[in-house]
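Okay, target.txt is below, compact mmCIF, C-alpha atoms:
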```
# COMPACT_ATOMS: atom_id res chain seq x y z
CA MET A 1 0.04 11.66 -14.38
CA ILE A 2 -2.86 9.45 -13.37
CA ASP A 3 -5.37 11.12 -11.08
CA ARG A 4 -4.74 9.76 -7.59
CA GLU A 5 -8.45 9.86 -6.89
CA THR A 6 -9.09 7.14 -9.47
CA TYR A 7 -7.36 4.59 -7.26
CA ARG A 8 -9.54 2.66 -4.86
CA PRO A 9 -8.12 3.07 -1.34
CA ILE A 10 -6.97 -0.10 0.37
CA ASP A 11 -9.37 -1.11 3.13
CA TYR A 12 -7.95 -3.49 5.73
CA THR A 13 -11.25 -4.08 7.51
CA GLU A 14 -11.18 -7.55 5.96
CA PRO A 15 -8.24 -9.76 4.95
CA LEU A 16 -7.00 -9.06 1.45
CA GLY A 17 -5.58 -11.25 -1.27
CA PRO A 18 -3.60 -10.95 -4.52
CA ALA A 19 -6.76 -10.13 -6.49
CA ASP A 20 -7.06 -6.84 -4.58
CA PHE A 21 -3.83 -5.47 -6.10
CA GLY A 22 -2.31 -4.87 -9.51
CA TYR A 23 1.20 -6.35 -9.77
CA HIS A 24 3.67 -4.85 -12.25
CA VAL A 25 7.35 -5.06 -13.09
CA ALA A 26 9.21 -2.40 -15.08
CA PHE A 27 12.64 -3.05 -16.61
CA CYS A 28 15.08 -0.29 -17.44
CA PRO A 29 16.13 -0.57 -21.12
CA ASP A 30 19.59 -1.81 -20.16
CA ARG A 31 21.39 -4.95 -21.32
CA ALA A 32 21.81 -6.05 -17.71
CA SER A 33 18.04 -6.10 -17.27
CA ASP A 34 17.80 -9.16 -19.52
CA ILE A 35 20.03 -11.09 -17.10
CA VAL A 36 17.97 -9.94 -14.12
CA ARG A 37 14.80 -10.94 -15.93
CA ARG A 38 16.10 -14.42 -16.67
CA ASP A 39 17.90 -15.25 -13.42
CA VAL A 40 15.80 -13.50 -10.77
CA VAL A 41 12.54 -11.91 -11.84
CA ASN A 42 11.12 -14.69 -14.01
CA PRO A 43 11.74 -17.35 -11.30
CA ALA A 44 10.17 -14.98 -8.75
CA LEU A 45 7.08 -14.42 -10.89
CA LEU A 46 6.69 -18.14 -11.41
CA ALA A 47 7.01 -18.91 -7.70
CA ALA A 48 4.65 -16.07 -6.69
CA GLY A 49 2.05 -17.35 -9.13
CA GLU A 50 2.30 -20.96 -8.02
CA ARG A 51 2.30 -20.23 -4.27
CA TYR A 52 -0.07 -17.30 -3.97
CA GLY A 53 -1.85 -16.87 -7.30
CA ILE A 54 -0.13 -13.54 -7.99
CA VAL A 55 -0.40 -12.46 -11.62
CA THR A 56 2.16 -9.88 -12.71
CA GLN A 57 2.16 -7.72 -15.82
CA GLU A 58 5.20 -6.09 -17.41
CA LEU A 59 4.96 -2.33 -17.41
CA PRO A 60 6.74 -0.54 -20.28
CA TRP A 61 9.53 1.62 -18.90
CA GLY A 62 8.31 5.11 -18.05
CA GLN A 63 4.62 4.25 -18.19
CA MET A 64 2.17 4.31 -15.31
CA PRO A 65 0.07 1.34 -14.18
CA ASP A 66 -3.64 0.95 -14.83
CA PRO A 67 -5.60 2.68 -12.04
CA GLU A 68 -8.11 -0.12 -11.57
CA ARG A 69 -6.41 -1.57 -8.49
CA PRO A 70 -3.81 -0.28 -6.01
CA PRO A 71 -0.46 -0.88 -7.71
CA TYR A 72 2.58 -2.82 -6.65
CA VAL A 73 5.51 -2.02 -8.94
CA LEU A 74 8.87 -3.77 -8.98
CA VAL A 75 11.28 -1.43 -10.73
CA VAL A 76 14.51 -2.88 -12.17
CA PRO A 77 16.73 0.15 -12.84
CA GLU A 78 20.26 0.39 -14.17
CA PRO A 79 22.78 -1.38 -11.88
CA GLY A 80 24.65 0.55 -9.22
CA SER A 81 23.80 2.71 -6.23
CA LEU A 82 23.55 5.89 -8.32
CA LEU A 83 20.48 6.18 -10.56
CA SER A 84 19.95 8.54 -13.48
CA PRO A 85 17.73 11.61 -13.02
CA ALA A 86 15.25 10.06 -15.48
CA THR A 87 15.00 6.90 -13.37
CA GLU A 88 14.56 8.88 -10.17
CA ASN A 89 11.85 10.93 -11.84
CA TYR A 90 10.04 7.75 -12.84
CA LEU A 91 10.23 6.41 -9.29
CA ALA A 92 8.87 9.70 -7.95
CA ARG A 93 5.92 9.63 -10.35
CA LEU A 94 5.07 6.06 -9.37
CA SER A 95 5.29 6.75 -5.64
CA GLU A 96 2.82 9.62 -5.94
CA LEU A 97 0.03 7.22 -6.88
CA SER A 98 -2.37 6.52 -4.03
CA ASP A 99 -1.59 3.30 -2.20
CA ALA A 100 1.34 2.60 -4.55
CA LYS A 101 4.01 0.20 -3.37
CA VAL A 102 7.15 1.03 -5.35
CA ASN A 103 10.05 -1.35 -4.78
CA VAL A 104 13.46 -0.96 -6.36
CA PHE A 105 15.44 -4.04 -7.35
CA SER A 106 18.95 -3.22 -6.20
CA ALA A 107 22.22 -4.48 -7.62
CA HIS A 108 25.39 -2.89 -6.37
CA SER A 109 28.79 -3.63 -4.93
CA PHE A 110 28.05 -3.71 -1.19
CA GLY A 111 30.68 -5.88 0.43
CA LEU A 112 32.80 -6.03 -2.71
CA GLU A 113 34.41 -2.61 -2.40
CA THR A 114 38.02 -2.49 -1.28
CA ASP A 115 37.33 0.87 0.34
CA PRO A 116 34.76 0.59 3.18
CA GLY A 117 34.07 4.28 2.82
CA MET A 118 32.71 3.73 -0.67
CA THR A 119 30.27 1.11 0.62
CA ALA A 120 29.08 3.41 3.42
CA THR A 121 28.59 6.21 0.92
CA ALA A 122 26.50 3.97 -1.35
CA GLU A 123 24.33 2.93 1.60
CA ARG A 124 23.73 6.55 2.58
CA ILE A 125 22.80 7.42 -0.99
CA ILE A 126 20.22 4.63 -1.15
CA ARG A 127 18.75 5.36 2.28
CA ALA A 128 18.40 9.04 1.43
CA ARG A 129 16.79 8.24 -1.93
CA ASP A 130 14.29 5.85 -0.33
CA GLU A 131 13.22 8.54 2.13
CA ARG A 132 13.07 11.30 -0.46
CA LEU A 133 11.13 9.37 -3.09
CA ARG A 134 9.07 7.22 -0.68
CA VAL A 135 10.22 4.00 -2.31
CA ASN A 136 11.70 0.83 -0.88
CA THR A 137 15.00 -0.62 -2.07
CA ILE A 138 15.20 -4.40 -1.88
CA TYR A 139 18.75 -4.88 -0.68
CA PRO A 140 21.07 -7.51 -2.16
CA SER A 141 22.00 -10.60 -0.21
CA ASP A 142 25.44 -10.94 1.32
CA THR A 143 26.47 -13.82 -0.90
CA ASP A 144 24.70 -13.78 -4.25
CA ALA A 145 26.31 -12.10 -7.24
CA LEU A 146 24.85 -11.71 -10.68
CA TYR A 147 26.03 -9.34 -13.37
CA TYR A 148 29.08 -7.13 -13.70
CA GLY A 149 30.38 -8.45 -10.38
CA LEU A 150 27.58 -6.76 -8.44
CA ARG A 151 25.64 -8.38 -5.66
CA THR A 152 21.95 -8.69 -6.37
CA VAL A 153 18.63 -9.81 -4.91
CA PRO A 154 17.79 -13.54 -4.82
CA PHE A 155 14.42 -14.45 -6.29
CA GLU A 156 13.00 -15.69 -2.96
CA LYS A 157 13.43 -12.22 -1.50
CA VAL A 158 11.45 -10.81 -4.43
CA VAL A 159 8.61 -13.29 -3.81
CA ASP A 160 8.53 -12.31 -0.14
CA ASN A 161 8.43 -8.64 -1.12
CA PHE A 162 5.39 -9.23 -3.38
CA VAL A 163 3.43 -10.61 -0.43
CA CYS A 164 4.62 -8.38 2.38
CA GLU A 165 4.08 -5.17 0.44
CA THR A 166 0.48 -5.96 -0.52
CA PHE A 167 -1.88 -8.42 1.18
CA ARG A 168 0.86 -8.89 3.79
CA ALA A 169 -0.24 -11.62 6.19
CA LYS A 170 0.86 -15.14 5.36
CA CYS A 171 -1.44 -16.52 8.02
CA ALA A 172 -5.24 -16.54 8.14
CA MET A 173 -6.94 -13.65 9.94
CA GLU A 174 -10.31 -14.74 11.31
CA ARG A 175 -12.72 -12.21 12.82
CA VAL A 176 -14.95 -13.89 15.39
CA GLY A 177 -18.40 -12.97 16.66
CA ASP A 178 -17.72 -12.96 20.38
CA THR A 179 -19.72 -10.44 22.40
CA ALA A 180 -17.61 -10.93 25.51
CA ALA A 181 -14.43 -10.33 23.50
CA GLU A 182 -15.91 -7.23 21.88
CA LEU A 183 -16.72 -5.81 25.31
CA GLN A 184 -13.22 -6.69 26.50
CA LEU A 185 -11.75 -4.87 23.50
CA LEU A 186 -13.45 -1.64 24.57
CA LYS A 187 -12.19 -2.11 28.11
CA GLU A 188 -8.62 -2.82 26.99
CA GLN A 189 -8.58 0.11 24.59
CA ALA A 190 -9.56 2.44 27.43
CA ALA A 191 -7.00 0.94 29.80
CA ALA A 192 -4.18 1.31 27.25
CA HIS A 193 -4.95 4.94 26.42
CA THR A 194 -1.96 6.42 28.25
CA THR A 195 0.50 3.87 26.84
CA ILE A 196 -0.76 4.37 23.28
CA ASP A 197 -0.54 8.15 23.66
CA SER A 198 3.09 7.84 24.74
CA LEU A 199 4.01 5.46 21.93
CA ARG A 200 2.35 7.73 19.38
CA ARG A 201 4.48 10.63 20.57
CA ILE A 202 7.67 8.55 20.52
CA PHE A 203 7.06 7.28 16.97
CA ALA A 204 6.41 10.84 15.79
CA GLU A 205 9.25 12.57 17.65
CA TYR A 206 11.95 10.06 16.69
CA GLY A 207 10.77 9.27 13.15
CA LEU A 208 10.43 5.53 13.67
CA TRP A 209 9.47 4.53 10.15
CA HIS A 210 11.17 3.68 6.87
CA ARG A 211 8.88 4.74 4.04
CA ALA A 212 5.55 5.52 5.66
CA VAL A 213 4.22 6.35 9.12
CA THR A 214 2.16 3.16 8.92
CA ASP A 215 5.34 1.05 9.23
CA GLY A 216 5.79 -1.15 12.28
CA ALA A 217 3.54 -2.75 14.88
CA VAL A 218 2.67 -2.55 18.57
CA MET A 219 1.43 -5.42 20.74
CA LEU A 220 0.32 -4.82 24.32
CA PRO A 221 -0.63 -7.22 27.13
CA THR A 222 -4.23 -7.18 28.37
CA THR A 223 -5.89 -7.44 31.75
CA GLU A 224 -7.76 -10.62 30.81
CA ARG A 225 -7.12 -12.76 27.75
CA GLY A 226 -5.32 -12.14 24.49
CA TRP A 227 -3.28 -9.20 23.25
CA LEU A 228 -4.06 -5.68 22.06
CA VAL A 229 -2.51 -5.25 18.60
CA SER A 230 -2.19 -2.25 16.32
CA GLN A 231 -4.24 -2.72 13.17
CA THR A 232 -2.75 -3.16 9.71
CA LYS A 233 -1.66 0.15 8.15
CA THR A 234 -2.15 2.20 11.31
CA ASP A 235 -0.49 5.62 11.28
CA LYS A 236 1.78 5.27 14.31
CA THR A 237 2.16 9.03 14.64
CA GLU A 238 -1.58 9.53 15.08
CA MET A 239 -2.74 6.21 16.51
CA VAL A 240 -5.47 6.11 19.12
CA PRO A 241 -6.91 3.19 21.13
CA GLU A 242 -9.56 2.57 18.45
CA ASP A 243 -6.71 1.66 16.06
CA PHE A 244 -6.07 -1.52 18.07
CA SER A 245 -7.77 -4.89 17.73
CA LEU A 246 -7.93 -7.70 20.28
CA VAL A 247 -6.23 -10.94 19.28
CA ILE A 248 -8.07 -13.62 21.23
CA ASP A 249 -5.87 -16.58 20.37
CA PHE A 250 -3.91 -18.18 17.59
CA ALA A 251 -3.25 -21.64 16.20
CA GLU A 252 0.14 -22.33 14.65
CA VAL A 253 -1.06 -25.62 13.20
CA GLY A 254 -3.68 -23.89 11.10
CA ASP A 255 -1.73 -20.63 10.72
CA THR A 256 -4.74 -18.73 12.08
CA VAL A 257 -5.07 -15.59 14.18
CA ARG A 258 -8.54 -15.01 15.70
CA PHE A 259 -9.46 -11.45 16.59
CA VAL A 260 -12.18 -8.86 17.20
CA GLY A 261 -11.90 -5.27 16.05
CA ARG A 262 -12.64 -2.76 13.33
CA LYS A 263 -9.67 -3.82 11.18
CA ILE A 264 -7.41 -6.83 10.91
CA PRO A 265 -4.44 -6.80 13.30
CA SER A 266 -0.92 -6.18 12.09
CA SER A 267 0.59 -8.72 9.71
CA ASP A 268 3.48 -8.95 12.17
CA SER A 269 1.11 -10.55 14.70
CA PRO A 270 2.32 -14.17 14.31
CA GLU A 271 5.91 -13.38 15.31
CA LEU A 272 4.99 -11.02 18.13
CA LEU A 273 2.45 -13.50 19.51
CA VAL A 274 5.10 -16.21 19.67
CA LEU A 275 7.48 -13.88 21.48
CA LEU A 276 5.09 -12.51 24.11
CA GLU A 277 3.49 -15.86 24.85
CA ALA A 278 6.89 -17.50 25.30
CA PHE A 279 8.15 -14.85 27.70
CA GLU A 280 4.89 -14.93 29.68
CA GLU A 281 4.46 -18.70 29.91
CA ARG A 282 8.07 -19.75 30.38
CA TRP A 283 9.52 -16.85 32.35
CA GLY A 284 6.48 -15.25 33.93
CA GLU A 285 7.13 -11.89 32.26
CA THR A 286 4.24 -9.87 30.90
CA LEU A 287 5.80 -7.64 28.27
CA MET A 288 4.85 -5.40 25.39
CA ALA A 289 6.38 -5.59 21.92
CA VAL A 290 7.24 -2.75 19.57
CA HIS A 291 8.40 -3.35 16.02
CA PHE A 292 9.65 -0.31 14.13
CA HIS A 293 11.74 0.80 11.19
CA HIS A 294 14.53 3.34 11.19
CA ASN A 295 16.98 3.55 8.30
CA GLY A 296 19.87 4.67 10.44
CA VAL A 297 19.46 1.75 12.83
CA THR A 298 18.27 -0.97 10.48
CA ARG A 299 20.71 -0.30 7.66
CA GLY A 300 23.17 2.11 9.18
CA GLY A 301 25.61 -0.52 10.43
CA ALA A 302 25.90 0.88 13.96
CA PHE A 303 24.82 -2.39 15.62
CA PRO A 304 26.24 -5.24 13.50
CA ASP A 305 26.10 -7.71 16.39
CA ARG A 306 22.34 -7.17 16.68
CA ILE A 307 21.40 -8.14 13.12
CA THR A 308 19.79 -11.58 12.82
CA LYS A 309 21.90 -14.12 10.97
CA ASN A 310 19.07 -15.04 8.63
CA ALA A 311 16.50 -12.87 6.91
CA ILE A 312 13.29 -13.38 8.87
CA GLU A 313 10.22 -13.59 6.68
CA TYR A 314 7.52 -11.81 8.63
CA GLY A 315 3.89 -12.92 8.80
CA ARG A 316 4.76 -16.48 9.83
CA PHE A 317 4.80 -18.26 13.15
CA SER A 318 8.02 -20.03 12.18
CA SER A 319 9.72 -16.64 11.93
CA GLY A 320 8.48 -15.91 15.45
CA HIS A 321 10.40 -18.88 16.76
CA GLU A 322 13.53 -17.73 14.92
CA MET A 323 13.11 -14.28 16.47
CA LEU A 324 12.62 -15.88 19.89
CA TYR A 325 15.95 -17.67 19.55
CA GLU A 326 17.69 -14.44 18.53
CA LEU A 327 16.18 -12.47 21.42
CA LEU A 328 17.03 -15.11 23.99
CA LEU A 329 20.58 -15.26 22.70
CA GLN A 330 20.89 -11.49 23.03
CA ARG A 331 19.41 -11.58 26.50
CA VAL A 332 21.91 -14.18 27.69
CA ARG A 333 24.78 -12.23 26.18
CA THR A 334 23.80 -8.67 27.06
CA GLY A 335 20.77 -8.72 29.35
CA GLU A 336 18.79 -6.83 26.69
CA THR A 337 15.81 -8.01 24.65
CA TRP A 338 15.95 -6.52 21.18
CA SER A 339 17.27 -7.40 17.73
CA ILE A 340 17.50 -5.97 14.24
CA LEU A 341 15.65 -8.22 11.81
CA GLN A 342 17.73 -8.56 8.66
CA ASP A 343 16.15 -6.67 5.75
CA HIS A 344 13.22 -5.65 7.92
CA GLY A 345 13.44 -3.63 11.13
CA VAL A 346 13.84 -3.63 14.90
CA VAL A 347 11.87 -5.66 17.43
CA TRP A 348 11.97 -4.68 21.11
CA LEU A 349 10.34 -6.27 24.17
CA GLY A 350 9.89 -4.35 27.40
CA ASP A 351 7.56 -3.41 30.20
CA SER A 352 6.44 0.14 29.40
CA ALA A 353 6.42 3.05 26.96
CA GLU A 354 8.85 4.82 29.26
CA SER A 355 11.31 1.92 28.95
CA PHE A 356 10.89 2.02 25.19
CA GLU A 357 11.77 5.72 25.04
CA ASP A 358 14.82 5.11 27.24
CA PHE A 359 15.87 2.40 24.79
CA ILE A 360 15.38 4.70 21.80
CA SER A 361 17.24 7.66 23.25
CA GLU A 362 19.90 6.08 25.45
CA ARG A 363 20.67 2.71 23.84
CA LEU A 364 20.13 3.58 20.17
CA ARG A 365 21.11 7.23 20.76
CA LEU A 366 18.42 8.55 18.45
CA VAL A 367 17.43 12.17 18.73
CA PRO A 368 14.08 13.78 17.93
CA ILE A 369 13.69 14.68 14.28
CA LYS A 370 13.13 18.26 13.22
CA ASP A 371 9.63 19.41 12.33
```
Could you quickly redo this structure as structure tokens?
Amino acid sequence: MIDRETYRPIDYTEPLGPADFGYHVAFCPDRASDIVRRDVVNPALLAAGERYGIVTQELPWGQMPDPERPPYVLVVPEPGSLLSPATENYLARLSELSDAKVNVFSAHSFGLETDPGMTATAERIIRARDERLRVNTIYPSDTDALYYGLRTVPFEKVVDNFVCETFRAKCAMERVGDTAAELQLLKEQAAAHTTIDSLRRIFAEYGLWHRAVTDGAVMLPTTERGWLVSQTKTDKTEMVPEDFSLVIDFAEVGDTVRFVGRKIPSSDSPELLVLLEAFEERWGETLMAVHFHHNGVTRGGAFPDRITKNAIEYGRFSSGHEMLYELLLQRVRTGETWSILQDHGVVWLGDSAESFEDFISERLRLVPIKD
């Protein structure tokens, strides 16, 4: 096992890029892996290199990555929802590395089973494994099929995973030297103290994360200009006002978010900015936004009518407009303003932390997790 202390911790005080991470892919020694390599992974590696300059190295099965940079590892195991003990052990070893992002390429028979109970069982197995091993399974699409009649992951979803699991933001984050904005940030942080305290408790009590307590994002309205946004990789169960930055403005044309604060704001900022600005400017509603992950809600199948029709690629303003359409559609139909983003998580708009907890407990029927 590589000493975790040899890994340089990720610091999100400044925007990061592909050069700050080590990208790896590990193929299980299985005949099916050759098909995955040819039809999905190789096209994904090519596209990731051309678009973002990501350079990926193949990692021999069972070996650990070089500790020079925080590792992203795409693991291509044997097909099916059940993995061998040896494969699970390998995933566990990888996930123990500091700042490791371990993502499992999934190929299974979701949607192809004649017995719905078998599909539900497979989903529960994968959700439980993700939580236990602290890994992330990249779910198959609803339409693509590859080998042995199993659905698999399209290469575009793999490219998106490369970006969103590492340097994250697909827009430019620009820190500005604005004394007035810096003073406003301190004022807004103090004013939001009670709300942030309540949200911290709710995230912790209800377990609103998928793989790590840094999942999700919070965006709050301010008393003057801009929005108060949780910083990238903020622990939502221990967040304090100082973990929020002030987004002053944004420009969709240049894909730029301008901010002041100790760390860059959440990579979900572009979508949430589109949503809150639209509701404020067009309908006169000043709302807050909470984006969170919960396996039971996101992938549990309890709210099929709430799942967006298309996978929304976060970190882009264009995705914000897609989310806006989905939320408005839900509001017209049900009077509620929330949706489940396909392959991602839940986004909710409301007026207070109290309303958010009511939504969590009464609408989603979640109960506090055990200590």
Computed gap from atom CA of A:Arg201 to atom CA of A:Ile369 is 11.9 Å
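Atom CA of A:Thr195 lies 26.5 Å from atom CA of A:Thr334.
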Using all atoms listed in the file, pick whichever of A:Cys171, A:Leu91, A:Leu46, A:Leu364 has the shortest atom-to-atom distance to A:Tyr206.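 Checking each candidate against A:Tyr206, we get A:Leu364 as the closest.
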Counting all atoms listed in the file, which of A:Phe167, A:Phe203, A:Tyr90, A:Phe162 gets nearest to A:Asp235?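 Among A:Phe167, A:Phe203, A:Tyr90, A:Phe162, it is A:Phe203 that comes nearest to A:Asp235.
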Do you know which residues lie at most 10 Å from (15.0, -21.1, -4.6), with coordinates as in the file and all atoms listed in the file counted, and could you write them as a list in words?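 Result, sorted by chain then residue number: Val40, Pro43, Ala44, Ala47, Pro154, Phe155, Glu156 and Lys157 of chain A.
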Please, what distance in Å, to one decimal, runs between atom CA of A:Trp283 and atom CA of A:Gly216?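 Taking atom CA of A:Trp283 and atom CA of A:Gly216, their separation equals 25.8 Å.
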So, counting only C-alpha atoms, which residue among A:Val213, A:Leu324, A:Val218, A:Ala19 is closest to A:Ser266? A:Val218
Please list as a PDB file with C-alpha atoms, in the frame of the given file every residue within 9 Å of stretch 352-355 of chain A, counting all atoms listed in the file and excluding residues in the same chain fewer than 5 positions away.
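Final output, around.pdb:
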```pdb
ATOM      1  CA  THR A 195       0.500   3.870  26.840  1.00  0.00           C
ATOM      2  CA  ILE A 196      -0.760   4.370  23.280  1.00  0.00           C
ATOM      3  CA  SER A 198       3.090   7.840  24.740  1.00  0.00           C
ATOM      4  CA  LEU A 199       4.010   5.460  21.930  1.00  0.00           C
ATOM      5  CA  ILE A 202       7.670   8.550  20.520  1.00  0.00           C
ATOM      6  CA  LEU A 287       5.800  -7.640  28.270  1.00  0.00           C
ATOM      7  CA  MET A 288       4.850  -5.400  25.390  1.00  0.00           C
ATOM      8  CA  ILE A 360      15.380   4.700  21.800  1.00  0.00           C
TER       9      ILE A 360
END
```
Spatial neighbours of A:Glu165, 9 Å, only C-alpha atoms, chain gap at least 3 places, as number ranges by chain: A: 72, 101, 103, 160-162, 168
Set the distance at 8 Å and use all atoms listed in the file: which residues neighbour A:Ala181 once local chain neighbours fewer than 6 positions away are removed? I'd like the list as a ChimeraX atom specification. /A:246,248,260
Which centre and which edge lengths, in Å to one decimal, describe the axis-aligned box that holds all listed atoms of stretch 216-219 of chain A after 6 Å is added on each side, as AutoDock Vina command-line options?
```
--center_x 3.6 --center_y -3.3 --center_z 16.5 --size_x 16.4 --size_y 16.3 --size_z 20.5
```
So, counting only C-alpha atoms, which residue among A:Arg363, A:His210, A:Arg262, A:Arg331 is closest to A:Gln231? A:Arg262
In terms of the shortest atom-to-atom distance over all atoms listed in the file, which of A:Leu185, A:Leu83, A:Ala212, A:Val153 is closest to A:Asn136?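 Closest to A:Asn136, using all atoms listed in the file: A:Ala212.
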A:Glu188: which residues within 12 Å, counting all atoms listed in the file, same-chain residues fewer than 6 positions away excluded, as JSON, numbers by chain? {"A": [181, 182, 194, 195, 196, 220, 221, 222, 223, 224, 225, 226, 227, 228, 229, 241, 242, 243, 244, 245, 246, 247, 261]}
Hey, can you spit out that residue selection with C-alpha atoms as a tab-separated table (two decimals), in the frame of the given file?
```tsv
chain	number	residue	atom	x	y	z
A	181	ALA	CA	-14.43	-10.33	23.50
A	182	GLU	CA	-15.91	-7.23	21.88
A	194	THR	CA	-1.96	6.42	28.25
A	195	THR	CA	0.50	3.87	26.84
A	196	ILE	CA	-0.76	4.37	23.28
A	220	LEU	CA	0.32	-4.82	24.32
A	221	PRO	CA	-0.63	-7.22	27.13
A	222	THR	CA	-4.23	-7.18	28.37
A	223	THR	CA	-5.89	-7.44	31.75
A	224	GLU	CA	-7.76	-10.62	30.81
A	225	ARG	CA	-7.12	-12.76	27.75
A	226	GLY	CA	-5.32	-12.14	24.49
A	227	TRP	CA	-3.28	-9.20	23.25
A	228	LEU	CA	-4.06	-5.68	22.06
A	229	VAL	CA	-2.51	-5.25	18.60
A	241	PRO	CA	-6.91	3.19	21.13
A	242	GLU	CA	-9.56	2.57	18.45
A	243	ASP	CA	-6.71	1.66	16.06
A	244	PHE	CA	-6.07	-1.52	18.07
A	245	SER	CA	-7.77	-4.89	17.73
A	246	LEU	CA	-7.93	-7.70	20.28
A	247	VAL	CA	-6.23	-10.94	19.28
A	261	GLY	CA	-11.90	-5.27	16.05
```
Best match for closeness to A:Ile10 among A:Glu357, A:Asp249, A:Glu68, A:Glu88, counting all atoms listed in the file: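 Among A:Glu357, A:Asp249, A:Glu68, A:Glu88, it is A:Glu68 that comes nearest to A:Ile10.
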